[in-house]
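start_18.txt (compact mmCIF, C-alpha atoms) appears below.
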```txt
# COMPACT_ATOMS: atom_id res chain seq x y z
CA MET A 292 7.75 23.77 -5.54
CA SER A 293 9.19 20.33 -4.87
CA THR A 294 6.74 17.45 -4.60
CA THR A 295 7.44 13.88 -3.51
CA VAL A 296 5.01 11.13 -4.50
CA ARG A 297 4.96 7.61 -3.13
CA ARG A 298 2.64 4.61 -3.11
CA LEU A 299 0.57 4.41 0.09
CA ASP A 300 0.33 1.16 2.06
CA PRO A 301 -2.63 1.57 4.46
CA ALA A 302 -2.01 -1.81 6.09
CA ALA A 303 1.46 -0.78 7.23
CA GLU A 304 0.69 2.87 7.99
CA PRO A 305 -2.88 3.35 9.24
CA GLU A 306 -2.27 6.88 10.55
CA ALA A 307 -0.93 7.92 7.17
CA TYR A 308 -4.08 6.51 5.60
CA ASP A 309 -6.27 8.64 7.87
CA ALA A 310 -4.43 11.80 6.79
CA TRP A 311 -4.54 10.69 3.15
CA HIS A 312 -8.29 10.10 3.29
CA ASP A 313 -8.82 13.51 4.87
CA VAL A 314 -6.99 15.20 1.99
CA TYR A 315 -8.97 13.17 -0.56
CA ALA A 316 -12.37 13.87 1.04
CA THR A 317 -11.65 17.55 1.69
CA SER A 318 -10.58 18.05 -1.90
CA ASP A 319 -13.54 16.13 -3.30
CA ARG A 320 -16.05 18.19 -1.29
CA HIS A 321 -14.45 21.57 -2.00
CA GLY A 322 -17.00 23.75 -3.76
CA ARG A 323 -19.29 20.76 -4.37
CA PRO A 324 -22.35 20.58 -2.08
CA SER A 325 -23.44 17.35 -3.80
CA ALA A 326 -20.08 15.57 -3.55
CA THR A 327 -20.12 11.92 -2.45
CA PRO A 328 -16.56 10.92 -1.50
CA TRP A 329 -15.99 7.36 -0.39
CA GLN A 330 -16.14 7.11 3.37
CA ARG A 331 -12.98 6.28 5.33
CA ASP A 332 -13.78 2.66 6.17
CA GLU A 333 -15.30 1.86 2.79
CA LEU A 334 -12.22 2.96 0.88
CA LEU A 335 -9.90 1.31 3.40
CA VAL A 336 -11.56 -2.06 2.82
CA GLU A 337 -11.28 -1.47 -0.93
CA LEU A 338 -7.53 -0.86 -0.64
CA LEU A 339 -6.82 -3.71 1.76
CA HIS A 340 -8.83 -6.43 0.05
CA PRO A 341 -8.13 -6.93 -3.65
CA THR A 342 -10.27 -9.53 -5.34
CA ALA A 343 -9.51 -11.98 -8.12
CA ASP A 344 -10.67 -9.46 -10.73
CA GLU A 345 -9.61 -6.05 -9.39
CA GLU A 346 -7.28 -4.18 -7.09
CA THR A 347 -7.12 -0.59 -5.86
CA LEU A 348 -3.90 1.41 -5.45
CA ALA A 349 -3.24 4.72 -3.68
CA TRP A 350 -0.57 7.43 -3.91
CA ALA A 351 0.32 10.25 -1.51
CA ALA A 352 1.99 13.56 -2.45
CA HIS A 353 4.05 15.61 0.01
CA ASP A 354 5.60 19.04 -0.37
CA ALA A 355 9.20 19.94 0.47
CA ASP A 356 8.29 20.37 4.14
CA GLY A 357 6.74 16.91 4.34
CA THR A 358 3.16 18.17 4.42
CA LEU A 359 0.64 15.84 2.79
CA VAL A 360 -0.83 17.86 -0.06
CA GLY A 361 -2.32 15.38 -2.53
CA ALA A 362 -4.02 12.01 -2.80
CA ALA A 363 -4.74 9.76 -5.75
CA TRP A 364 -6.19 6.29 -6.15
CA ALA A 365 -6.85 3.95 -9.05
CA ARG A 366 -8.82 0.81 -9.68
CA LEU A 367 -7.28 -1.82 -11.96
CA ARG A 368 -9.11 -4.70 -13.55
CA LEU A 369 -7.18 -7.99 -13.35
CA LEU A 370 -9.08 -10.38 -15.63
CA ASP A 371 -10.06 -7.99 -18.43
CA ASN A 372 -9.34 -4.45 -19.64
CA LEU A 373 -5.70 -5.09 -18.77
CA GLY A 374 -4.47 -2.00 -20.58
CA TRP A 375 -6.95 0.33 -18.89
CA ALA A 376 -7.11 2.11 -15.52
CA ALA A 377 -9.47 4.63 -13.96
CA PHE A 378 -8.23 6.96 -11.24
CA GLU A 379 -9.01 10.01 -9.14
CA LEU A 380 -6.54 12.76 -8.34
CA HIS A 381 -6.95 15.32 -5.54
CA VAL A 382 -4.94 18.21 -4.15
CA HIS A 383 -5.93 19.82 -0.85
CA PRO A 384 -7.57 23.23 -1.51
CA ASP A 385 -4.95 24.99 0.63
CA HIS A 386 -2.11 23.69 -1.57
CA ARG A 387 -3.41 24.12 -5.10
CA ARG A 388 -1.77 26.03 -7.98
CA ARG A 389 1.74 25.15 -6.80
CA GLY A 390 2.51 22.28 -9.19
CA HIS A 391 1.57 19.47 -6.81
CA GLY A 392 -1.25 18.20 -9.01
CA THR A 393 0.99 18.04 -12.07
CA ALA A 394 3.69 16.18 -10.12
CA LEU A 395 1.18 13.75 -8.65
CA LEU A 396 -0.37 13.11 -12.06
CA ALA A 397 3.02 12.42 -13.64
CA ALA A 398 3.92 9.93 -10.91
CA VAL A 399 0.56 8.12 -11.15
CA GLU A 400 0.80 7.93 -14.93
CA ALA A 401 4.35 6.55 -14.78
CA ASP A 402 3.38 3.93 -12.22
CA LEU A 403 0.33 2.81 -14.18
CA VAL A 404 2.21 2.67 -17.49
CA ALA A 405 4.89 0.56 -15.82
CA GLN A 406 2.11 -1.91 -15.03
CA GLY A 407 0.99 -2.00 -18.65
CA ARG A 408 -1.91 0.43 -18.29
CA THR A 409 -1.75 2.72 -21.30
CA THR A 410 -5.36 3.95 -21.50
CA LEU A 411 -6.07 6.09 -18.45
CA VAL A 412 -9.34 7.70 -17.37
CA VAL A 413 -9.70 10.40 -14.72
CA GLU A 414 -12.99 11.75 -13.38
CA SER A 415 -13.84 15.39 -12.72
CA SER A 416 -17.15 17.10 -11.91
CA TRP A 417 -18.63 20.53 -12.60
CA PRO A 418 -21.92 22.26 -11.68
CA TRP A 419 -25.16 21.40 -13.40
CA ALA A 420 -26.17 23.86 -16.12
CA ASP A 421 -28.20 23.82 -19.31
CA ASP A 422 -24.93 23.94 -21.27
CA PRO A 423 -23.21 20.54 -20.82
CA ALA A 424 -19.74 21.84 -21.71
CA PRO A 425 -17.17 21.15 -18.96
CA THR A 426 -16.31 24.10 -16.74
CA GLY A 427 -14.02 24.70 -13.80
CA ALA A 428 -10.50 23.87 -12.70
CA GLY A 429 -10.76 20.06 -12.79
CA PRO A 430 -11.78 19.64 -16.43
CA ALA A 431 -9.33 22.37 -17.43
CA PHE A 432 -6.51 20.55 -15.62
CA ALA A 433 -7.40 17.30 -17.39
CA ALA A 434 -7.45 18.98 -20.81
CA ARG A 435 -4.16 20.73 -20.16
CA HIS A 436 -2.52 17.36 -19.54
CA GLY A 437 -3.82 15.66 -22.65
CA TYR A 438 -7.05 14.08 -21.40
CA GLU A 439 -10.06 14.26 -23.71
CA LEU A 440 -13.68 14.03 -22.63
CA GLY A 441 -14.83 10.49 -23.33
CA LEU A 442 -18.22 10.43 -21.62
CA THR A 443 -20.40 12.88 -19.69
CA ASP A 444 -22.46 11.53 -16.80
CA VAL A 445 -25.18 13.38 -14.92
CA HIS A 446 -25.32 13.10 -11.15
CA ARG A 447 -28.96 12.98 -9.98
CA GLU A 448 -30.57 12.77 -6.56
CA LEU A 449 -33.99 11.62 -5.41
CA ALA A 450 -35.68 12.80 -2.21
CA LEU A 451 -36.92 9.85 -0.13
CA PRO A 452 -39.22 8.34 0.75
CA VAL A 453 -41.10 8.39 -2.53
CA PRO A 454 -44.84 8.11 -1.79
CA ASP A 455 -45.92 4.52 -2.27
CA GLU A 456 -48.96 5.72 -4.19
CA HIS A 457 -46.64 7.09 -6.87
CA LEU A 458 -44.54 3.90 -6.96
CA ALA A 459 -47.67 1.73 -7.11
CA ALA A 460 -48.96 3.76 -10.05
CA LEU A 461 -45.69 3.36 -11.93
CA ALA A 462 -45.67 -0.38 -11.22
CA ALA A 463 -49.24 -0.73 -12.49
CA GLU A 464 -48.36 1.25 -15.62
CA ALA A 465 -45.43 -1.03 -16.42
CA ALA A 466 -47.03 -4.36 -15.47
CA PRO A 467 -48.99 -5.07 -18.70
CA HIS A 468 -45.78 -4.72 -20.72
CA HIS A 469 -43.86 -7.44 -18.85
CA ALA A 470 -46.63 -9.89 -17.95
CA ALA A 471 -44.59 -12.84 -19.23
CA TYR A 472 -41.66 -12.04 -16.92
CA ARG A 473 -41.22 -12.79 -13.23
CA LEU A 474 -39.69 -10.18 -10.93
CA LEU A 475 -37.65 -11.40 -7.98
CA SER A 476 -36.15 -9.25 -5.21
CA TRP A 477 -33.64 -9.93 -2.43
CA SER A 478 -31.11 -8.18 -0.25
CA GLY A 479 -27.50 -9.18 0.32
CA ARG A 480 -25.93 -12.21 -1.30
CA VAL A 481 -27.11 -13.25 -4.78
CA PRO A 482 -28.82 -16.66 -4.48
CA ASP A 483 -26.73 -19.51 -5.85
CA GLU A 484 -29.36 -20.47 -8.39
CA HIS A 485 -29.20 -17.02 -9.97
CA VAL A 486 -25.58 -16.01 -9.55
CA ALA A 487 -24.32 -17.20 -12.95
CA GLY A 488 -27.01 -15.29 -14.82
CA TYR A 489 -26.57 -12.22 -12.66
CA VAL A 490 -22.78 -12.18 -13.12
CA ALA A 491 -23.06 -12.59 -16.89
CA LEU A 492 -25.46 -9.65 -17.10
CA GLU A 493 -23.46 -7.45 -14.71
CA ALA A 494 -20.26 -8.11 -16.65
CA SER A 495 -21.82 -6.76 -19.84
CA LEU A 496 -22.80 -3.43 -18.26
CA THR A 497 -19.54 -1.70 -19.21
CA THR A 498 -20.23 -2.15 -22.91
CA GLU A 499 -24.05 -2.52 -23.07
CA ALA A 500 -24.56 0.84 -21.36
CA PRO A 501 -23.40 3.93 -23.29
CA VAL A 502 -19.62 4.40 -22.98
CA GLY A 503 -19.05 7.26 -25.42
CA GLU A 504 -15.44 7.34 -26.59
CA LEU A 505 -14.08 5.27 -23.70
CA ASP A 506 -11.95 2.28 -24.74
CA LEU A 507 -13.70 -0.34 -22.63
CA GLU A 508 -13.93 -4.10 -23.17
CA PRO A 509 -16.57 -6.43 -21.68
CA GLN A 510 -15.74 -7.59 -18.18
CA ALA A 511 -15.01 -11.22 -17.45
CA ALA A 512 -18.06 -13.05 -16.12
CA ASP A 513 -16.30 -14.85 -13.28
CA VAL A 514 -18.55 -16.08 -10.47
CA GLU A 515 -15.73 -16.70 -7.98
CA ALA A 516 -14.35 -13.20 -8.51
CA PHE A 517 -17.83 -11.73 -8.11
CA ARG A 518 -18.31 -13.59 -4.82
CA GLY A 519 -15.08 -11.98 -3.63
CA ARG A 520 -16.34 -8.50 -4.52
CA GLU A 521 -19.68 -9.33 -2.94
CA ALA A 522 -18.00 -10.27 0.34
CA ARG A 523 -15.96 -7.07 0.21
CA THR A 524 -19.14 -5.05 -0.27
CA ALA A 525 -20.57 -6.56 2.91
CA ALA A 526 -17.30 -5.86 4.77
CA GLN A 527 -17.63 -2.21 3.74
CA GLY A 528 -20.90 -1.96 5.63
CA ARG A 529 -22.98 -1.88 2.47
CA THR A 530 -26.20 -3.79 1.82
CA ARG A 531 -27.23 -4.41 -1.76
CA PHE A 532 -30.93 -4.61 -2.60
CA THR A 533 -31.50 -6.32 -5.95
CA THR A 534 -34.42 -6.99 -8.23
CA VAL A 535 -34.08 -9.16 -11.34
CA ALA A 536 -36.37 -10.14 -14.19
CA LEU A 537 -36.65 -13.77 -15.24
CA ALA A 538 -37.83 -14.52 -18.78
CA PRO A 539 -40.40 -17.27 -19.43
CA ASP A 540 -37.57 -19.74 -20.03
CA GLY A 541 -36.03 -18.88 -16.66
CA ASP A 542 -33.11 -16.81 -17.97
CA LEU A 543 -32.11 -13.82 -15.87
CA VAL A 544 -32.42 -10.96 -18.37
CA ALA A 545 -32.47 -7.75 -16.32
CA TYR A 546 -31.28 -6.47 -12.96
CA THR A 547 -30.93 -3.39 -10.80
CA ASP A 548 -29.05 -2.76 -7.53
CA LEU A 549 -29.75 -0.15 -4.85
CA VAL A 550 -27.20 0.03 -2.04
CA SER A 551 -27.35 1.34 1.52
CA THR A 552 -24.33 1.98 3.72
CA VAL A 553 -23.90 2.22 7.49
CA HIS A 554 -21.35 5.01 6.93
CA GLU A 555 -23.81 7.46 5.36
CA PRO A 556 -27.09 7.39 7.28
CA GLY A 557 -30.07 8.06 5.10
CA ARG A 558 -28.37 7.72 1.70
CA LEU A 559 -28.86 5.08 -0.98
CA TYR A 560 -26.72 4.60 -4.06
CA GLN A 561 -28.12 3.34 -7.34
CA TRP A 562 -25.57 0.93 -8.79
CA GLY A 563 -26.03 -0.99 -12.02
CA THR A 564 -29.24 -1.33 -14.00
CA LEU A 565 -29.34 -3.29 -17.23
CA VAL A 566 -31.90 -5.00 -19.42
CA ARG A 567 -30.52 -7.48 -21.94
CA THR A 568 -30.80 -6.10 -25.47
CA ASP A 569 -33.19 -8.78 -26.73
CA HIS A 570 -35.59 -8.16 -23.83
CA ARG A 571 -35.90 -4.39 -24.02
CA GLY A 572 -39.17 -2.64 -24.75
CA HIS A 573 -41.10 -4.26 -21.87
CA ARG A 574 -40.59 -1.45 -19.32
CA LEU A 575 -38.50 -3.79 -17.22
CA GLY A 576 -36.09 -1.02 -16.21
CA LEU A 577 -38.91 1.00 -14.65
CA ALA A 578 -40.49 -2.07 -13.05
CA LEU A 579 -37.21 -3.24 -11.50
CA LYS A 580 -36.33 0.17 -10.07
CA VAL A 581 -39.79 0.62 -8.60
CA ALA A 582 -39.76 -2.82 -7.01
CA THR A 583 -36.32 -2.29 -5.49
CA LEU A 584 -37.14 1.14 -4.13
CA ARG A 585 -40.34 -0.17 -2.57
CA ALA A 586 -38.41 -3.02 -0.97
CA VAL A 587 -35.80 -0.67 0.49
CA GLN A 588 -38.38 1.79 1.80
CA ALA A 589 -40.32 -1.06 3.42
CA ALA A 590 -37.13 -2.36 5.03
CA ALA A 591 -36.31 1.15 6.26
CA ALA A 592 -39.78 1.59 7.72
CA ALA A 593 -39.33 -1.71 9.57
CA GLY A 594 -35.96 -0.62 10.94
CA GLU A 595 -34.10 -3.21 8.90
CA VAL A 596 -31.87 -0.75 6.99
CA PRO A 597 -29.27 0.62 9.40
CA PRO A 598 -28.77 3.20 10.68
CA GLY A 599 -32.16 4.87 10.14
CA PRO A 600 -34.68 6.28 7.64
CA VAL A 601 -33.55 6.74 4.05
CA ARG A 602 -33.63 10.38 2.91
CA ARG A 603 -32.11 10.46 -0.57
CA ALA A 604 -30.87 8.27 -3.38
CA THR A 605 -27.93 9.10 -5.64
CA THR A 606 -27.27 7.94 -9.19
CA TRP A 607 -25.14 8.70 -12.24
CA ASN A 608 -26.20 8.14 -15.83
CA ALA A 609 -24.53 8.79 -19.14
CA GLU A 610 -26.13 11.96 -20.45
CA VAL A 611 -26.88 10.20 -23.75
CA ASN A 612 -28.67 7.28 -22.07
CA ALA A 613 -32.13 8.66 -22.78
CA PRO A 614 -34.17 5.56 -21.78
CA MET A 615 -32.58 5.28 -18.33
CA VAL A 616 -32.70 9.03 -17.78
CA ALA A 617 -36.43 8.92 -18.56
CA VAL A 618 -36.96 6.15 -16.02
CA ASN A 619 -35.11 8.07 -13.34
CA GLU A 620 -37.05 11.25 -14.06
CA ARG A 621 -40.32 9.33 -13.71
CA LEU A 622 -39.17 8.24 -10.27
CA GLY A 623 -38.37 11.84 -9.36
CA PHE A 624 -34.58 12.09 -9.72
CA ARG A 625 -33.30 15.62 -10.38
CA PRO A 626 -29.87 16.67 -11.75
CA VAL A 627 -27.37 18.28 -9.38
CA GLU A 628 -24.06 18.24 -11.32
CA ARG A 629 -22.19 16.70 -14.22
CA MET A 630 -19.19 14.38 -14.15
CA GLY A 631 -16.80 13.88 -17.04
CA GLU A 632 -14.71 10.79 -17.70
CA PHE A 633 -11.57 12.12 -19.38
CA GLN A 634 -9.39 9.66 -21.30
CA LYS A 635 -5.75 9.69 -22.35
CA ARG A 636 -4.00 7.09 -24.47
CA LEU A 637 -0.32 6.65 -23.66
CA GLY A 638 0.44 3.66 -25.83
```

Would it be possible to restate this file's structure as structure tokens?
Amino acid sequence: MSTTVRRLDPAAEPEAYDAWHDVYATSDRHGRPSATPWQRDELLVELLHPTADEETLAWAAHDADGTLVGAAWARLRLLDNLGWAAFELHVHPDHRRRGHGTALLAAVEADLVAQGRTTLVVESSWPWADDPAPTGAGPAFAARHGYELGLTDVHRELALPVPDEHLAALAAEAAPHHAAYRLLSWSGRVPDEHVAGYVALEASLTTEAPVGELDLEPQAADVEAFRGREARTAAQGRTRFTTVALAPDGDLVAYTDLVSTVHEPGRLYQWGTLVRTDHRGHRLGLALKVATLRAVQAAAAAGEVPPGPVRRATTWNAEVNAPMVAVNERLGFRPVERMGEFQKRLG
């Protein structure tokens, strides 16, 4: 069956974007009760507002009758990892097994290679099971087209609110191990006096955290670019709650982010968590996550986290990241599915 693929410009064709997002979200949710597709307005802001260090592109696939059947989007780093791109590819459930996915993939690959991106990574999820081996149509499609599993992540969820008695006990358990450190929490914009240290630590996450076989380089620690991404996060209706650890000399050596969004009432997303290598072993990861969760739950109880009470938190961790998995399990996170990052080298 004939398939036509073109780059989507949501600024020039907002109605086309709405249809595109519907195909993407419908595909992402199909057969996946724990799916978390990006919400319409969040992804629209991402596409319309590139920053100094990254941009997001979208493609639409139509069949011979002009029906929109597929959607893909990719994020490209602009200051680092210039040969690398991560993307998602979706075909509406009513139009699968007709060659549209293969045609869309070929067009996306050609476009990305033309921009110098020769190491491509596509994500696909499958149900949680004791056996971690990929199953289902998505991983099989990736393998059939030359993508190899580079890293397996586990999607976990936490029922909220967590009783404060439990969080207080965890905090007290960790406290003697990091007595020399100062914990500091805030919501929203990173304070100017801490932004350089925060950005340097955040930029190292892609290589300090387990990456398996993925060909990733450290990200550029660019404060101006980070401020651009930070402003975009706010424009997406997201609020970032952050806790950091300051060493005795004042260096920012650990951080964690927990994010709420006005577009998904009741849900929080765990973003990055990292403790600098030379400051590990002090239970800072547990302490930071507990402090942040307590801050968010207090804000929710006070009505300061729109649009209402928080009910669950969502996170992904590399399956091999045993220390962070242990921290999350202590908090009460439970696995719901796996996600594979499948890599293909074209150059």

Neighbour list for His381 (chain A) as a PDB file with C-alpha atoms, in the frame of the given file, cut-off 8 Å, only C-alpha atoms, skip fewer than 2 positions in-chain:
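The result, written out as selection.pdb:
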```pdb
ATOM      1  CA  VAL A 314      -6.990  15.200   1.990  1.00  0.00           C
ATOM      2  CA  TYR A 315      -8.970  13.170  -0.560  1.00  0.00           C
ATOM      3  CA  SER A 318     -10.580  18.050  -1.900  1.00  0.00           C
ATOM      4  CA  ASP A 319     -13.540  16.130  -3.300  1.00  0.00           C
ATOM      5  CA  GLY A 361      -2.320  15.380  -2.530  1.00  0.00           C
ATOM      6  CA  ALA A 362      -4.020  12.010  -2.800  1.00  0.00           C
ATOM      7  CA  ALA A 363      -4.740   9.760  -5.750  1.00  0.00           C
ATOM      8  CA  GLU A 379      -9.010  10.010  -9.140  1.00  0.00           C
ATOM      9  CA  HIS A 383      -5.930  19.820  -0.850  1.00  0.00           C
ATOM     10  CA  GLY A 392      -1.250  18.200  -9.010  1.00  0.00           C
TER      11      GLY A 392
END
```

Using only C-alpha atoms, determine which residues lie at most 10 Å from Glu464 (chain A), disregarding the query and same-chain residues fewer than 4 positions distant; provide the list as a PyMOL selection string. chain A and resi 458-460+468+574+577-578

Name the closest residue to Glu628 (chain A) among the candidates A:Val296, A:Val445, A:Ala310, A:Ala592; distances are taken between atoms, counting all atoms listed in the file.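 Distance minimum relative to Glu628 (chain A) lands on A:Val445.
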
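Atom pair CA of Trp477 (chain A) / CA of Thr533 (chain A): separated by 5.5 Å.
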
Closest-contact table, region 435-458 of chain A side, partner region 609-612 of chain A, 10 Å, counting all atoms listed in the file, as JSON lines:
```
{"residue": "A:Leu442", "atom": "CA", "partner": "A:Ala609", "partner_atom": "CA", "distance": 7.0}
{"residue": "A:Thr443", "atom": "CA", "partner": "A:Ala609", "partner_atom": "CA", "distance": 5.8}
{"residue": "A:Asp444", "atom": "CA", "partner": "A:Ala609", "partner_atom": "CA", "distance": 4.2}
{"residue": "A:Val445", "atom": "CA", "partner": "A:Glu610", "partner_atom": "CA", "distance": 5.8}
{"residue": "A:His446", "atom": "CA", "partner": "A:Ala609", "partner_atom": "CA", "distance": 9.1}
```

Pick from A:Trp350, A:Trp417, A:Trp375, A:Phe532, whichever lies nearest to Ala398 (chain A) using only C-alpha atoms: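 Looking at the shortest contact to Ala398 (chain A), the residue is A:Trp350.
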
Contacts of Gly322 (chain A) at 12 Å or less, counting only C-alpha atoms, minus same-chain residues fewer than 3 places along, as a PyMOL selection string? chain A and resi 316-319+325-326+384+416-418+427-429+628

If we count only C-alpha atoms, what is near Thr605 (chain A) at a cut-off of 7 Å, once residues fewer than 2 positions away on the same chain are taken out, given as a PDB file with C-alpha atoms, in the coordinates of the input?
```pdb
ATOM      1  CA  ARG A 447     -28.960  12.980  -9.980  1.00  0.00           C
ATOM      2  CA  GLU A 448     -30.570  12.770  -6.560  1.00  0.00           C
ATOM      3  CA  LEU A 449     -33.990  11.620  -5.410  1.00  0.00           C
ATOM      4  CA  LEU A 559     -28.860   5.080  -0.980  1.00  0.00           C
ATOM      5  CA  TYR A 560     -26.720   4.600  -4.060  1.00  0.00           C
ATOM      6  CA  GLN A 561     -28.120   3.340  -7.340  1.00  0.00           C
ATOM      7  CA  ARG A 603     -32.110  10.460  -0.570  1.00  0.00           C
TER       8      ARG A 603
END
```

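Compared by their closest atoms to Ser476 (chain A), and using only C-alpha atoms, the residues A:Ala604, A:Ala352, A:Ala494, A:Leu579 rank with A:Leu579 nearest.
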
Would you compute an axis-aligned box for region 618-637 of chain A, covering every atom listed for it in the file with 5 Å of margin on each side, and report centre and edge lengths in Å to one decimal as AutoDock Vina command-line options?
```
--center_x -20.3 --center_y 12.2 --center_z -16.9 --size_x 50.0 --size_y 22.1 --size_z 25.1
```

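Across the structure, CA of Leu565 (chain A) and CA of Tyr546 (chain A) are spaced 5.7 Å apart.
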
Between CA of Ala462 (chain A) and CA of Gly557 (chain A), what is the distance, to one decimal in Å?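 Atom-to-atom, CA of Ala462 (chain A) to CA of Gly557 (chain A), that is 24.1 Å.
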
Using all atoms listed in the file, which of the listed residues (A:Ala303, A:Val627, A:Val553, A:Ala545) sits closest to Pro597 (chain A)? A:Val553

Point out the residue among A:Thr552, A:Leu475, A:Glu345, A:Arg480 with the least atom-to-atom distance to Trp329 (chain A), counting only C-alpha atoms. A:Thr552

Which residues, written as a list of chain:residue names, have at least one atom at most 12 Å from Val453 (chain A), with only C-alpha atoms counted and residues fewer than 3 positions away on the same chain left out? A:Leu449, A:Ala450, A:Glu456, A:His457, A:Leu458, A:Ala459, A:Ala460, A:Leu461, A:Val581, A:Leu584, A:Arg585, A:Ala586, A:Val587, A:Gln588, A:Ala589, A:Val601, A:Arg602, A:Arg603, A:Ala604, A:Arg621, A:Leu622, A:Gly623, A:Phe624

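The smallest atom-to-atom distance between Ala466 (chain A) and any of A:Leu575, A:Leu299, A:Val490, A:Val618, using only C-alpha atoms, is found for A:Leu575.
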
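If you count all atoms listed in the file and draw a sphere of 12 Å around (2.3, 18.8, 4.5), the protein and nucleic acid residues inside it come out as A:Ser293, A:Thr294, A:Thr295, A:Ala307, A:Ala310, A:Trp311, A:Val314, A:Ala351, A:Ala352, A:His353, A:Asp354, A:Ala355, A:Asp356, A:Gly357, A:Thr358, A:Leu359, A:Val360, A:Gly361, A:Ala362, A:Val382, A:His383, A:Asp385, A:His386, A:His391.
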
Write region 424-439 of chain A as a PDB file, in the frame of the given file, completed to N, CA and C atoms.
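The result, written out as out20.pdb:
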```
ATOM      1  N   ALA A 424     -21.191  21.726 -21.525  1.00  0.00           N
ATOM      2  CA  ALA A 424     -19.740  21.840 -21.710  1.00  0.00           C
ATOM      3  C   ALA A 424     -19.029  21.887 -20.358  1.00  0.00           C
ATOM      4  N   PRO A 425     -17.904  21.168 -20.225  1.00  0.00           N
ATOM      5  CA  PRO A 425     -17.170  21.150 -18.960  1.00  0.00           C
ATOM      6  C   PRO A 425     -16.699  22.548 -18.563  1.00  0.00           C
ATOM      7  N   THR A 426     -16.781  22.826 -17.274  1.00  0.00           N
ATOM      8  CA  THR A 426     -16.310  24.100 -16.740  1.00  0.00           C
ATOM      9  C   THR A 426     -15.517  23.833 -15.469  1.00  0.00           C
ATOM     10  N   GLY A 427     -14.710  24.801 -15.069  1.00  0.00           N
ATOM     11  CA  GLY A 427     -14.020  24.700 -13.800  1.00  0.00           C
ATOM     12  C   GLY A 427     -12.612  24.179 -13.906  1.00  0.00           C
ATOM     13  N   ALA A 428     -11.924  24.182 -12.753  1.00  0.00           N
ATOM     14  CA  ALA A 428     -10.500  23.870 -12.700  1.00  0.00           C
ATOM     15  C   ALA A 428     -10.199  22.414 -13.026  1.00  0.00           C
ATOM     16  N   GLY A 429     -11.046  21.481 -12.570  1.00  0.00           N
ATOM     17  CA  GLY A 429     -10.760  20.060 -12.790  1.00  0.00           C
ATOM     18  C   GLY A 429     -10.729  19.678 -14.251  1.00  0.00           C
ATOM     19  N   PRO A 430     -11.808  19.942 -14.998  1.00  0.00           N
ATOM     20  CA  PRO A 430     -11.780  19.640 -16.430  1.00  0.00           C
ATOM     21  C   PRO A 430     -10.678  20.384 -17.177  1.00  0.00           C
ATOM     22  N   ALA A 431     -10.399  21.624 -16.769  1.00  0.00           N
ATOM     23  CA  ALA A 431      -9.330  22.370 -17.430  1.00  0.00           C
ATOM     24  C   ALA A 431      -7.977  21.728 -17.181  1.00  0.00           C
ATOM     25  N   PHE A 432      -7.754  21.241 -15.954  1.00  0.00           N
ATOM     26  CA  PHE A 432      -6.510  20.550 -15.620  1.00  0.00           C
ATOM     27  C   PHE A 432      -6.358  19.299 -16.476  1.00  0.00           C
ATOM     28  N   ALA A 433      -7.450  18.528 -16.588  1.00  0.00           N
ATOM     29  CA  ALA A 433      -7.400  17.300 -17.390  1.00  0.00           C
ATOM     30  C   ALA A 433      -7.059  17.615 -18.845  1.00  0.00           C
ATOM     31  N   ALA A 434      -7.714  18.617 -19.418  1.00  0.00           N
ATOM     32  CA  ALA A 434      -7.450  18.980 -20.810  1.00  0.00           C
ATOM     33  C   ALA A 434      -6.030  19.454 -21.005  1.00  0.00           C
ATOM     34  N   ARG A 435      -5.531  20.200 -20.054  1.00  0.00           N
ATOM     35  CA  ARG A 435      -4.160  20.730 -20.160  1.00  0.00           C
ATOM     36  C   ARG A 435      -3.130  19.615 -20.191  1.00  0.00           C
ATOM     37  N   HIS A 436      -3.464  18.475 -19.601  1.00  0.00           N
ATOM     38  CA  HIS A 436      -2.520  17.360 -19.540  1.00  0.00           C
ATOM     39  C   HIS A 436      -2.857  16.254 -20.528  1.00  0.00           C
ATOM     40  N   GLY A 437      -3.621  16.589 -21.551  1.00  0.00           N
ATOM     41  CA  GLY A 437      -3.820  15.660 -22.650  1.00  0.00           C
ATOM     42  C   GLY A 437      -4.989  14.714 -22.522  1.00  0.00           C
ATOM     43  N   TYR A 438      -5.882  14.948 -21.571  1.00  0.00           N
ATOM     44  CA  TYR A 438      -7.050  14.080 -21.400  1.00  0.00           C
ATOM     45  C   TYR A 438      -8.232  14.674 -22.169  1.00  0.00           C
ATOM     46  N   GLU A 439      -8.918  13.825 -22.911  1.00  0.00           N
ATOM     47  CA  GLU A 439     -10.060  14.260 -23.710  1.00  0.00           C
ATOM     48  C   GLU A 439     -11.349  13.695 -23.112  1.00  0.00           C
TER      49      GLU A 439
END
```
